[in-house]
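A.B. asks: The following file, structure.cif, comprises mmCIF, N, CA and C atoms:
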data_my_file
loop_
_atom_site.label_atom_id
_atom_site.label_comp_id
_atom_site.auth_asym_id
_atom_site.auth_seq_id
_atom_site.Cartn_x
_atom_site.Cartn_y
_atom_site.Cartn_z
N MET E 12 120.94 87.23 144.28
CA MET E 12 120.61 88.13 143.19
C MET E 12 119.25 88.78 143.46
N ARG E 13 119.05 89.93 142.90
CA ARG E 13 117.79 90.65 143.06
C ARG E 13 116.93 90.43 141.82
N GLN E 14 115.70 89.96 142.03
CA GLN E 14 114.73 89.75 140.96
C GLN E 14 113.64 90.81 141.07
N PHE E 15 113.03 91.16 139.95
CA PHE E 15 111.97 92.16 139.92
C PHE E 15 110.75 91.62 139.19
N ILE E 16 109.58 91.95 139.75
CA ILE E 16 108.31 91.74 139.06
C ILE E 16 107.63 93.10 139.00
N ILE E 17 107.27 93.52 137.81
CA ILE E 17 106.47 94.73 137.63
C ILE E 17 105.07 94.24 137.32
N ALA E 18 104.11 94.59 138.18
CA ALA E 18 102.75 94.06 138.05
C ALA E 18 101.75 95.20 138.03
N SER E 19 100.74 95.06 137.17
CA SER E 19 99.78 96.15 137.03
C SER E 19 98.43 95.65 136.53
N HIS E 20 97.48 96.55 136.56
CA HIS E 20 96.23 96.37 135.86
C HIS E 20 96.51 96.70 134.39
N ALA E 21 95.95 95.94 133.49
CA ALA E 21 96.12 96.15 132.05
C ALA E 21 97.59 96.08 131.66
N HIS E 22 97.99 96.82 130.66
CA HIS E 22 99.32 96.67 130.07
C HIS E 22 100.36 97.67 130.58
N PHE E 23 100.08 98.34 131.67
CA PHE E 23 101.03 99.32 132.21
C PHE E 23 102.38 98.67 132.49
N ALA E 24 102.39 97.51 133.12
CA ALA E 24 103.65 96.84 133.47
C ALA E 24 104.47 96.54 132.22
N ALA E 25 103.84 96.00 131.21
CA ALA E 25 104.55 95.69 129.97
C ALA E 25 105.07 96.97 129.32
N GLY E 26 104.26 98.01 129.35
CA GLY E 26 104.66 99.28 128.72
C GLY E 26 105.84 99.94 129.42
N ILE E 27 105.81 99.98 130.73
CA ILE E 27 106.92 100.62 131.45
C ILE E 27 108.18 99.77 131.33
N ASN E 28 108.03 98.45 131.26
CA ASN E 28 109.18 97.59 131.04
C ASN E 28 109.75 97.80 129.64
N GLU E 29 108.90 98.06 128.67
CA GLU E 29 109.37 98.37 127.32
C GLU E 29 110.21 99.64 127.33
N SER E 30 109.78 100.64 128.09
CA SER E 30 110.57 101.87 128.21
C SER E 30 111.93 101.60 128.86
N ILE E 31 111.93 100.77 129.90
CA ILE E 31 113.19 100.40 130.56
C ILE E 31 114.11 99.71 129.56
N SER E 32 113.56 98.79 128.79
CA SER E 32 114.36 98.06 127.79
C SER E 32 114.93 99.00 126.74
N LEU E 33 114.16 99.99 126.33
CA LEU E 33 114.63 100.96 125.36
C LEU E 33 115.82 101.74 125.90
N LEU E 34 115.76 102.09 127.18
CA LEU E 34 116.82 102.88 127.80
C LEU E 34 118.04 102.06 128.20
N SER E 35 117.82 100.79 128.57
CA SER E 35 118.94 100.03 129.14
C SER E 35 119.15 98.65 128.55
N GLY E 36 118.32 98.26 127.61
CA GLY E 36 118.42 96.92 127.06
C GLY E 36 117.59 95.94 127.89
N GLU E 37 117.44 94.75 127.36
CA GLU E 37 116.68 93.71 128.06
C GLU E 37 117.39 93.33 129.35
N ARG E 38 116.62 93.02 130.37
CA ARG E 38 117.17 92.62 131.66
C ARG E 38 116.62 91.24 132.03
N ASP E 39 117.52 90.33 132.39
CA ASP E 39 117.13 88.97 132.73
C ASP E 39 116.37 88.87 134.04
N ASN E 40 116.53 89.85 134.91
CA ASN E 40 115.96 89.76 136.25
C ASN E 40 114.65 90.53 136.40
N VAL E 41 114.02 90.90 135.28
CA VAL E 41 112.75 91.65 135.32
C VAL E 41 111.69 90.86 134.56
N ARG E 42 110.55 90.63 135.25
CA ARG E 42 109.40 90.01 134.62
C ARG E 42 108.20 90.91 134.84
N THR E 43 107.22 90.80 133.97
CA THR E 43 106.03 91.64 134.10
C THR E 43 104.79 90.78 134.24
N LEU E 44 103.79 91.38 134.86
CA LEU E 44 102.49 90.75 135.03
C LEU E 44 101.42 91.79 134.70
N SER E 45 100.69 91.55 133.62
CA SER E 45 99.60 92.43 133.19
C SER E 45 98.28 91.72 133.49
N MET E 46 97.56 92.23 134.47
CA MET E 46 96.34 91.56 134.93
C MET E 46 95.08 92.14 134.30
N TYR E 47 94.09 91.27 134.19
CA TYR E 47 92.74 91.59 133.77
C TYR E 47 92.66 92.02 132.30
N VAL E 48 93.61 91.54 131.50
CA VAL E 48 93.58 91.74 130.06
C VAL E 48 94.01 90.43 129.41
N ASP E 49 93.62 90.25 128.17
CA ASP E 49 94.03 89.07 127.40
C ASP E 49 93.69 87.77 128.11
N GLY E 50 92.57 87.74 128.84
CA GLY E 50 92.14 86.54 129.53
C GLY E 50 92.91 86.23 130.80
N ASN E 51 93.73 87.15 131.23
CA ASN E 51 94.57 86.95 132.42
C ASN E 51 93.82 87.52 133.63
N ASN E 52 92.94 86.69 134.23
CA ASN E 52 92.07 87.19 135.29
C ASN E 52 92.27 86.53 136.65
N ASP E 53 93.09 85.50 136.74
CA ASP E 53 93.28 84.77 138.00
C ASP E 53 94.57 85.26 138.67
N LEU E 54 94.43 86.29 139.47
CA LEU E 54 95.59 86.92 140.11
C LEU E 54 96.35 85.94 140.99
N ALA E 55 95.66 85.18 141.80
CA ALA E 55 96.33 84.25 142.71
C ALA E 55 97.16 83.22 141.94
N ALA E 56 96.63 82.72 140.85
CA ALA E 56 97.36 81.74 140.04
C ALA E 56 98.59 82.37 139.40
N GLU E 57 98.46 83.58 138.93
CA GLU E 57 99.59 84.27 138.29
C GLU E 57 100.69 84.59 139.30
N ILE E 58 100.28 85.00 140.49
CA ILE E 58 101.27 85.27 141.54
C ILE E 58 102.01 83.98 141.89
N ALA E 59 101.27 82.89 142.06
CA ALA E 59 101.90 81.60 142.38
C ALA E 59 102.87 81.17 141.29
N ARG E 60 102.49 81.35 140.04
CA ARG E 60 103.36 81.00 138.92
C ARG E 60 104.65 81.82 138.95
N MET E 61 104.51 83.11 139.18
CA MET E 61 105.70 83.97 139.20
C MET E 61 106.61 83.66 140.38
N LEU E 62 106.03 83.32 141.51
CA LEU E 62 106.85 82.94 142.67
C LEU E 62 107.58 81.63 142.40
N ASP E 63 106.92 80.69 141.73
CA ASP E 63 107.56 79.42 141.38
C ASP E 63 108.75 79.64 140.45
N GLU E 64 108.69 80.68 139.63
CA GLU E 64 109.77 80.98 138.68
C GLU E 64 110.90 81.78 139.31
N THR E 65 110.75 82.18 140.56
CA THR E 65 111.76 82.99 141.24
C THR E 65 112.68 82.09 142.04
N PRO E 66 113.98 82.14 141.78
CA PRO E 66 114.90 81.28 142.53
C PRO E 66 114.81 81.53 144.03
N GLU E 67 114.74 80.43 144.78
CA GLU E 67 114.70 80.54 146.24
C GLU E 67 115.97 81.20 146.74
N GLY E 68 115.85 82.06 147.71
CA GLY E 68 117.00 82.75 148.27
C GLY E 68 117.28 84.09 147.62
N ASP E 69 116.75 84.33 146.41
CA ASP E 69 116.93 85.63 145.77
C ASP E 69 116.01 86.66 146.42
N ASP E 70 116.46 87.90 146.49
CA ASP E 70 115.58 88.99 146.87
C ASP E 70 114.58 89.20 145.74
N LEU E 71 113.33 89.44 146.09
CA LEU E 71 112.29 89.69 145.09
C LEU E 71 111.67 91.05 145.38
N VAL E 72 111.79 91.96 144.42
CA VAL E 72 111.19 93.28 144.53
C VAL E 72 110.00 93.30 143.58
N VAL E 73 108.81 93.47 144.15
CA VAL E 73 107.59 93.54 143.37
C VAL E 73 107.16 94.99 143.31
N CYS E 74 106.97 95.49 142.11
CA CYS E 74 106.58 96.89 141.89
C CYS E 74 105.21 96.91 141.25
N THR E 75 104.24 97.52 141.94
CA THR E 75 102.87 97.54 141.43
C THR E 75 102.44 98.95 141.08
N ASP E 76 101.34 99.03 140.36
CA ASP E 76 100.88 100.30 139.82
C ASP E 76 100.08 101.16 140.79
N LEU E 77 99.33 100.55 141.71
CA LEU E 77 98.35 101.33 142.46
C LEU E 77 98.19 100.81 143.88
N PHE E 78 98.51 101.64 144.85
CA PHE E 78 98.33 101.28 146.25
C PHE E 78 96.86 101.01 146.53
N GLY E 79 96.57 99.88 147.15
CA GLY E 79 95.19 99.53 147.47
C GLY E 79 94.46 98.84 146.34
N GLY E 80 95.08 98.76 145.16
CA GLY E 80 94.46 98.06 144.04
C GLY E 80 94.59 96.55 144.22
N SER E 81 93.82 95.81 143.46
CA SER E 81 93.80 94.36 143.62
C SER E 81 95.16 93.72 143.37
N VAL E 82 95.93 94.23 142.42
CA VAL E 82 97.24 93.64 142.13
C VAL E 82 98.17 93.85 143.32
N ASN E 83 98.20 95.06 143.83
CA ASN E 83 99.02 95.34 145.01
C ASN E 83 98.57 94.51 146.21
N ASN E 84 97.27 94.45 146.43
CA ASN E 84 96.75 93.68 147.56
C ASN E 84 97.09 92.20 147.44
N GLY E 85 97.08 91.68 146.23
CA GLY E 85 97.44 90.28 146.03
C GLY E 85 98.87 89.99 146.44
N PHE E 86 99.77 90.91 146.16
CA PHE E 86 101.17 90.71 146.54
C PHE E 86 101.42 91.04 148.01
N THR E 87 100.52 91.75 148.66
CA THR E 87 100.68 92.04 150.08
C THR E 87 100.74 90.76 150.89
N THR E 88 99.96 89.78 150.52
CA THR E 88 99.99 88.51 151.24
C THR E 88 101.33 87.79 151.04
N VAL E 89 101.95 88.00 149.89
CA VAL E 89 103.24 87.35 149.60
C VAL E 89 104.33 87.88 150.53
N ILE E 90 104.39 89.18 150.74
CA ILE E 90 105.47 89.73 151.57
C ILE E 90 105.35 89.29 153.02
N GLN E 91 104.16 88.86 153.40
CA GLN E 91 103.97 88.39 154.77
C GLN E 91 104.43 86.96 154.98
N ARG E 92 104.64 86.22 153.89
CA ARG E 92 105.03 84.82 154.05
C ARG E 92 106.31 84.42 153.33
N ARG E 93 106.80 85.24 152.40
CA ARG E 93 108.03 84.90 151.67
C ARG E 93 109.15 85.83 152.13
N PRO E 94 110.20 85.27 152.73
CA PRO E 94 111.33 86.11 153.15
C PRO E 94 111.98 86.81 151.96
N ASN E 95 112.59 87.93 152.23
CA ASN E 95 113.34 88.69 151.22
C ASN E 95 112.46 89.13 150.05
N THR E 96 111.20 89.43 150.35
CA THR E 96 110.29 89.94 149.33
C THR E 96 109.87 91.34 149.74
N TYR E 97 109.91 92.26 148.80
CA TYR E 97 109.67 93.67 149.07
C TYR E 97 108.62 94.17 148.07
N LEU E 98 107.68 94.96 148.56
CA LEU E 98 106.59 95.46 147.72
C LEU E 98 106.64 96.98 147.66
N VAL E 99 106.74 97.49 146.45
CA VAL E 99 106.78 98.93 146.20
C VAL E 99 105.60 99.25 145.29
N THR E 100 104.86 100.30 145.61
CA THR E 100 103.68 100.61 144.80
C THR E 100 103.69 102.06 144.34
N ASN E 101 102.76 102.37 143.43
CA ASN E 101 102.69 103.68 142.77
C ASN E 101 103.97 103.96 141.99
N VAL E 102 104.47 102.95 141.30
CA VAL E 102 105.77 103.05 140.64
C VAL E 102 105.73 104.02 139.47
N ASN E 103 106.92 104.53 139.16
CA ASN E 103 107.11 105.36 137.97
C ASN E 103 108.45 104.99 137.34
N LEU E 104 108.71 105.47 136.17
CA LEU E 104 109.91 105.09 135.45
C LEU E 104 111.20 105.51 136.17
N PRO E 105 111.32 106.72 136.69
CA PRO E 105 112.55 107.07 137.41
C PRO E 105 112.81 106.15 138.62
N LEU E 106 111.78 105.80 139.35
CA LEU E 106 111.94 104.92 140.49
C LEU E 106 112.46 103.55 140.05
N LEU E 107 111.85 102.99 139.00
CA LEU E 107 112.28 101.69 138.51
C LEU E 107 113.72 101.71 138.01
N ILE E 108 114.09 102.75 137.30
CA ILE E 108 115.46 102.85 136.79
C ILE E 108 116.44 102.88 137.95
N GLN E 109 116.15 103.66 138.98
CA GLN E 109 117.03 103.73 140.14
C GLN E 109 117.17 102.36 140.81
N LEU E 110 116.07 101.67 140.98
CA LEU E 110 116.11 100.35 141.62
C LEU E 110 116.87 99.33 140.76
N LEU E 111 116.61 99.34 139.48
CA LEU E 111 117.22 98.35 138.59
C LEU E 111 118.72 98.54 138.43
N PHE E 112 119.19 99.77 138.53
CA PHE E 112 120.61 100.03 138.31
C PHE E 112 121.41 100.12 139.60
N ALA E 113 120.78 99.84 140.72
CA ALA E 113 121.49 99.88 142.00
C ALA E 113 122.45 98.71 142.08
N GLU E 114 123.55 98.92 142.78
CA GLU E 114 124.53 97.84 142.91
C GLU E 114 123.92 96.66 143.64
N GLU E 115 124.29 95.50 143.22
CA GLU E 115 123.69 94.25 143.70
C GLU E 115 123.95 93.99 145.18
N GLY E 116 125.08 94.37 145.71
CA GLY E 116 125.44 94.02 147.08
C GLY E 116 124.74 94.83 148.17
N ARG E 117 124.03 95.87 147.80
CA ARG E 117 123.36 96.72 148.80
C ARG E 117 122.18 96.01 149.44
N ASP E 118 121.90 96.38 150.68
CA ASP E 118 120.72 95.87 151.36
C ASP E 118 119.47 96.35 150.60
N THR E 119 118.62 95.42 150.23
CA THR E 119 117.48 95.75 149.37
C THR E 119 116.48 96.68 150.06
N ALA E 120 116.15 96.42 151.30
CA ALA E 120 115.18 97.29 152.00
C ALA E 120 115.72 98.71 152.13
N GLU E 121 116.99 98.85 152.45
CA GLU E 121 117.61 100.17 152.55
C GLU E 121 117.61 100.87 151.19
N LEU E 122 117.93 100.15 150.15
CA LEU E 122 117.93 100.69 148.80
C LEU E 122 116.54 101.22 148.43
N ILE E 123 115.52 100.44 148.71
CA ILE E 123 114.15 100.85 148.37
C ILE E 123 113.76 102.09 149.14
N ARG E 124 114.05 102.12 150.43
CA ARG E 124 113.71 103.31 151.24
C ARG E 124 114.39 104.57 150.68
N GLU E 125 115.66 104.47 150.38
CA GLU E 125 116.39 105.63 149.85
C GLU E 125 115.84 106.07 148.49
N THR E 126 115.54 105.10 147.65
CA THR E 126 115.05 105.41 146.31
C THR E 126 113.66 106.05 146.36
N CYS E 127 112.80 105.54 147.21
CA CYS E 127 111.46 106.12 147.34
C CYS E 127 111.51 107.55 147.88
N ALA E 128 112.49 107.85 148.70
CA ALA E 128 112.61 109.19 149.29
C ALA E 128 113.40 110.17 148.42
N ALA E 129 114.08 109.69 147.42
CA ALA E 129 114.95 110.54 146.61
C ALA E 129 114.15 111.55 145.79
N GLU E 130 114.68 112.75 145.70
CA GLU E 130 114.01 113.83 144.96
C GLU E 130 113.83 113.46 143.48
N GLU E 131 114.82 112.79 142.89
CA GLU E 131 114.73 112.49 141.45
C GLU E 131 113.67 111.45 141.10
N THR E 132 113.15 110.73 142.08
CA THR E 132 112.10 109.75 141.78
C THR E 132 110.70 110.24 142.14
N ARG E 133 110.62 111.40 142.73
CA ARG E 133 109.32 111.93 143.15
C ARG E 133 108.57 112.57 141.99
N ILE E 134 107.26 112.57 142.10
CA ILE E 134 106.41 113.23 141.12
C ILE E 134 106.60 114.73 141.25
N LYS E 135 106.60 115.42 140.11
CA LYS E 135 106.82 116.86 140.10
C LYS E 135 105.73 117.55 139.27
N PHE E 136 105.31 118.71 139.74
CA PHE E 136 104.38 119.55 139.00
C PHE E 136 105.21 120.62 138.32
N VAL E 137 105.45 120.46 137.03
CA VAL E 137 106.40 121.29 136.29
C VAL E 137 105.98 122.75 136.30
N ASN E 138 104.69 123.05 136.27
CA ASN E 138 104.24 124.45 136.31
C ASN E 138 104.81 125.17 137.53
N ASP E 139 104.75 124.50 138.68
CA ASP E 139 105.28 125.11 139.90
C ASP E 139 106.79 125.24 139.83
N LEU E 140 107.46 124.29 139.25
CA LEU E 140 108.92 124.37 139.11
C LEU E 140 109.30 125.55 138.23
N LEU E 141 108.55 125.76 137.15
CA LEU E 141 108.84 126.89 136.26
C LEU E 141 108.55 128.22 136.94
N GLU E 142 107.45 128.28 137.69
CA GLU E 142 107.12 129.51 138.42
C GLU E 142 108.21 129.84 139.43
N SER E 143 108.67 128.84 140.13
CA SER E 143 109.73 129.03 141.11
C SER E 143 111.00 129.51 140.43
N GLU E 144 111.31 128.97 139.28
CA GLU E 144 112.49 129.37 138.52
C GLU E 144 112.36 130.81 138.06
N ASP E 145 111.13 131.20 137.58
CA ASP E 145 110.89 132.57 137.14
C ASP E 145 111.05 133.56 138.29
N GLU E 146 110.56 133.19 139.47
CA GLU E 146 110.70 134.06 140.65
C GLU E 146 112.15 134.26 141.01
N ASP E 147 112.94 133.20 140.91
CA ASP E 147 114.37 133.29 141.21
C ASP E 147 115.08 134.19 140.22
N ASP E 148 114.63 134.20 138.97
CA ASP E 148 115.27 135.01 137.93
C ASP E 148 115.00 136.49 138.11
N GLU E 149 113.92 136.86 138.79
CA GLU E 149 113.56 138.26 138.94
C GLU E 149 114.49 139.00 139.89
N PHE E 150 115.20 138.30 140.73
CA PHE E 150 116.03 138.96 141.71
C PHE E 150 117.35 139.29 141.13
#
Just give me the structure of the file as structure tokens.

C.D. replies:
Amino acid sequence: MRQFIIASHAHFAAGINESISLLSGERDNVRTLSMYVDGNNDLAAEIARMLDETPEGDDLVVCTDLFGGSVNNGFTTVIQRRPNTYLVTNVNLPLLIQLLFAEEGRDTAELIRETCAAEETRIKFVNDLLESEDEDDEF
């Protein structure tokens, strides 16, 4: 089975998970980690706790808020020592929805690569999209 941890600085992880729950209902395979708030300051201990709660043999996809941030860096050491662990950073809601709703039998690394490259999960500057649409309409 595929397990997910959404981890962030402050309450971003909890907030984006709340949005996912609103759109799709509660999910048993998603946990969140909100660091450096509410007295939650020991990243190494929290990572160890979350790994202990993850069934051995399951794929673990960790999604963090910021590349190079302390939360992401903390999980970088995990992917180097725990098999079937994948780290995705700079997450957004479309990316998470695509990952969470992917069929279970797919290769996890392949799924992540495809999802990260997909047009529908990429950041968009709407002003440019509208300008491009207006230019197309002029012809």

A.B. asks: Could you spell out the hits of the PyMOL selection byres ((chain E and resi 72) around 7) on the shown file, as a PyMOL selection string?

C.D. replies: chain E and resi 13-17+70-71+73-74+95-99

A.B. asks: DSSP says helix (DSSP H, G or I) for which residues of stretch 42-83 of chain E? Put them as an MDAnalysis selection string?

C.D. replies: chainID E and resid 54:63 81:83

A.B. asks: Using only N, CA and C atoms, can you tell me which of E:Ala24, E:Glu115, E:Ile58, E:Glu130 comes closest to E:Arg42?

C.D. replies: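 Checking each of E:Ala24, E:Glu115, E:Ile58, E:Glu130 against E:Arg42, counting only N, CA and C atoms, the winner is E:Ala24.
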
A.B. asks: List, as a PyMOL selection string, every residue that the PyMOL selection byres ((chain E and resi 77) around 6.5) selects in the file provided.

C.D. replies: chain E and resi 19+75-76+78-80+83+100-102

A.B. asks: Determine which residues of stretch 76-115 of chain E DSSP labels as strand (DSSP E) from the backbone of this structure, then write them out as number ranges by chain.

C.D. replies: E: 96-99

A.B. asks: Measuring between all atoms listed in the file, which one of E:Ser143, E:Asp69, E:Arg38, E:Leu106 shows the shortest distance to E:Cys127?

C.D. replies: E:Leu106

A.B. asks: Taking into account all atoms listed in the file, which residue in the set E:Glu142, E:Pro66, E:Ala21, E:Ser30 is nearest to E:Val48?

C.D. replies: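 Selected residue with least distance to E:Val48: E:Ala21.
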
A.B. asks: Between atom N of E:Pro94 and atom N of E:Asp63, what is the distance, to one decimal in Å?

C.D. replies: 12.4 Å

A.B. asks: With a distance cut-off of 9 Å and only C-alpha atoms, select the neighbouring residues of E:Thr132, excluding the residue or stretch itself and same-chain residues fewer than 5 positions from it, and output the selection as an NGL selection string.

C.D. replies: :E and (103-107 or 109 or 126-127)

A.B. asks: Would you mind telling me which residue in E:Leu54, E:Leu110, E:Val41, E:Val137 lies nearest to E:Phe86 when using only N, CA and C atoms?

C.D. replies: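 For E:Phe86, the nearest of the candidates is E:Leu54.
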
A.B. asks: Interatomic distance between atom N of E:Phe112 and atom C of E:Ala25?

C.D. replies: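 About the pair atom N of E:Phe112 and atom C of E:Ala25: they are 17.1 Å apart.
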
A.B. asks: Restricting the calculation to only C-alpha atoms: of E:Ala128, E:Ala55, E:Leu141, E:Ala120, which residue gets closest to E:Ser81?

C.D. replies: E:Ala55
